[in-house]
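A short write-up of the structure that comes next.
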Amino acid sequence: MTALHDIPSALSGPALVTALTGIGLGVGFLTGLFGIGGGIVITPMLNVLLGIPYSLAAGSSLSFALGASSAGWLRHMRLGNVEHKTTVALSVGAVCGAVLGGRLHLRLQSTLGEGPLTLVLHILFILTLLAVAWLTWRVPLKEHSGPSLLQRLPLPPRVTVHGDRERRVSLPGLLAAGLVVGVFGGLLGIGGGVLLVPILLLVVGLSVRQAVGTSLGVVLFLSLAGAITYGAQGQASLWIVAPLLIGSALGVQAGAWLCQKLHAQKIRRAFAVLALLVAACIAADFVAKWTKP
């Protein structure tokens with residue numbers, strides 16, 4: 001694990017810890033308000049705002065997601081909001097994908113160097129955030145009434161999952177979906193919850209509550225695999241993770257309180273605007289780095 005004084009950043013010492021706690025506070029607020037893990041915001045912001053290299057930001061973000069998702073998953077387990085077969089199948093694919101994605105990230109770092117890798121990941125984050133913003137604004141997240149995509153997929157064997165009703169879905173389809181999310185999460189250093197919830201609703205056919213609870217379980221195992229992959233190469237730091245977790249634990253309470261006060265439509269569209277703002281921030285940093293002599 002990287003020590004505090006060894007973290008390559010625009011800040012150092014107490015100033016860095018304070019900034020990280022502030023980012024954690026903001027991400028915790030977003031988690032409570034929008035129900036996201038925050039990796040899609042944390043990883044690029046650690047790079048753009050604090051100058052932390054993407055590899056260290058990705059490994060630390062996945063370690064943060066590991067701690068943040070575990071508590072949420074256990075709570076949803078007690079509430080009965082987890083579809084266990086789906087969690088297992090997606091997690092198997094996601095763990096394999098996270099290892100592959102993490103290794104691909106580290107290989108790109110050694111091959112391209114930090115500067116070109118930053119530009120490549122900036123582009124990927126911008127495209128992802130734009131897609132998330134569009135989907136969030138245009139497509140309300142609700143139970144899928146008809147046959148789900150994995151029900152229609154003619155690829156046996158099939159397993160029975162229990163969402164709004166019993167569904168027989170393709171097991172290879174579940175594994176493939178987990179693999180894709182895992183590769184994406186491992187490469188970008190995100191838990192993948194922002195991708196998993198729509199997949200569980202529209203592709204698998206779970207209810208909204210089950211989609212949230214099940215996605216947290218998959219994020220837990222995806223983050224564990226990714227954190228180990230990055231941590232084995234020294235690309236994770238407790239000095240980054242701990243302040244993020246402390247700030248997040250405080251911020252999530254305020255976000256959850258505000259969530260109860262706002263209409264669901266306003267919450268969805270506010271998140272879409274947030275995704276666009278983060279994308280614009282990354283785009284500005286991309287232009288600055290691209291045009292830098």
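So you can find residues: chains in the structure tokens are A, B, ... in the order shown, residues in each start at 1, and ligands are numbered from 1 in order.
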### Residues of region 79-230 of chain A in helix (DSSP H, G or I), written as an MDAnalysis selection string
chainID A and resid 79 84:112 114:138 149:152 171:188 193:204 208:230
### Query
Which residue gives the smallest distance to Gly192 (chain A) among A:Leu16, A:Ala284, A:Ser215, A:Leu108, with only C-alpha atoms counted?
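So, comparing all the options, the nearest one is A:Ser215.
With distances restricted to only C-alpha atoms, A:Val159 is the closest residue to Lys85 (chain A) from A:Val159, A:Leu258, A:Leu222, A:Ala15.
Distance annotation: of A:Ser223, A:Tyr54, A:Arg103, A:Val169, the residue with the minimal separation from Gly115 (chain A) is A:Tyr54; atom set is only C-alpha atoms.
The protein and nucleic acid residues lying at most 8 Å from Ala242 (chain A) are Phe64, Leu238 and Ile246 of chain A, with only C-alpha atoms considered and sequence neighbours fewer than 4 positions away removed.
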Mind dumping the selected residues with N, CA and C atoms as a PDB file, in the first residue's frame?
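Heads up, here's the output in selection_5.pdb:
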```pdb
ATOM      1  N   PHE A  64     -12.378   1.332  -2.060  1.00  0.00           N
ATOM      2  CA  PHE A  64     -13.463   2.100  -1.434  1.00  0.00           C
ATOM      3  C   PHE A  64     -14.808   1.438  -1.703  1.00  0.00           C
ATOM      4  N   LEU A 238      -4.335   2.954   1.462  1.00  0.00           N
ATOM      5  CA  LEU A 238      -5.249   3.107   2.591  1.00  0.00           C
ATOM      6  C   LEU A 238      -5.446   4.577   2.924  1.00  0.00           C
ATOM      7  N   ILE A 246     -14.670   7.615   5.389  1.00  0.00           N
ATOM      8  CA  ILE A 246     -15.143   8.443   6.507  1.00  0.00           C
ATOM      9  C   ILE A 246     -16.086   9.525   5.990  1.00  0.00           C
TER      10      ILE A 246
END
```
With a distance cut-off of 8 Å and only C-alpha atoms, select the neighbouring residues of Leu20 (chain A), excluding the residue or stretch itself and same-chain residues fewer than 4 positions from it, and output the selection as a PDB file with C-alpha atoms, in the first residue's frame.
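Wrote out.pdb, looks like this:
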```
ATOM      1  CA  LEU A  16      -4.694  15.891   0.800  1.00  0.00           C
ATOM      2  CA  GLY A  24     -15.914  11.166   0.130  1.00  0.00           C
ATOM      3  CA  ILE A 240      -6.849   7.455   0.000  1.00  0.00           C
ATOM      4  CA  PRO A 243     -10.749   9.424   4.196  1.00  0.00           C
ATOM      5  CA  LEU A 244     -13.128   8.571   1.340  1.00  0.00           C
ATOM      6  CA  GLY A 247     -16.526  11.263   4.392  1.00  0.00           C
TER       7      GLY A 247
END
```
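Take CA of Val181 (chain A) and CA of Lys266 (chain A): the distance between them is 27.4 Å.
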### Task
Write out as number ranges by chain which residues come within 8 Å of Gly189 (chain A) when counting only C-alpha atoms, dropping same-chain ones fewer than 6 positions away.
A: 39, 43, 57-59, 61-62, 102, 226
### Message
Which residues are near Leu25 (chain A)? Cut-off 10 Å, only C-alpha atoms, ignore same chain within fewer than 5 positions. Put them as a VMD selection string.
### Response
chain A and resid 19 to 20 30 to 31 243 to 255
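Between Asp285 (chain A) and the candidates A:Ala10, A:Ala211, A:Ala133, A:Ile123, the tightest atom-to-atom separation, counting only C-alpha atoms, involves A:Ile123.
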### Query
Quick one: residues within 9 Å of Ile199 (chain A), only C-alpha atoms counted, chain neighbours fewer than 5 positions away excluded, as a PyMOL selection string?
chain A and resi 177+204-205+211
### Message
According to DSSP computed on the backbone, where in region 64-275 of chain A is there strand (DSSP E or B)? Give the residues as a PyMOL selection string.
### Response
chain A and resi 158-162+166-170
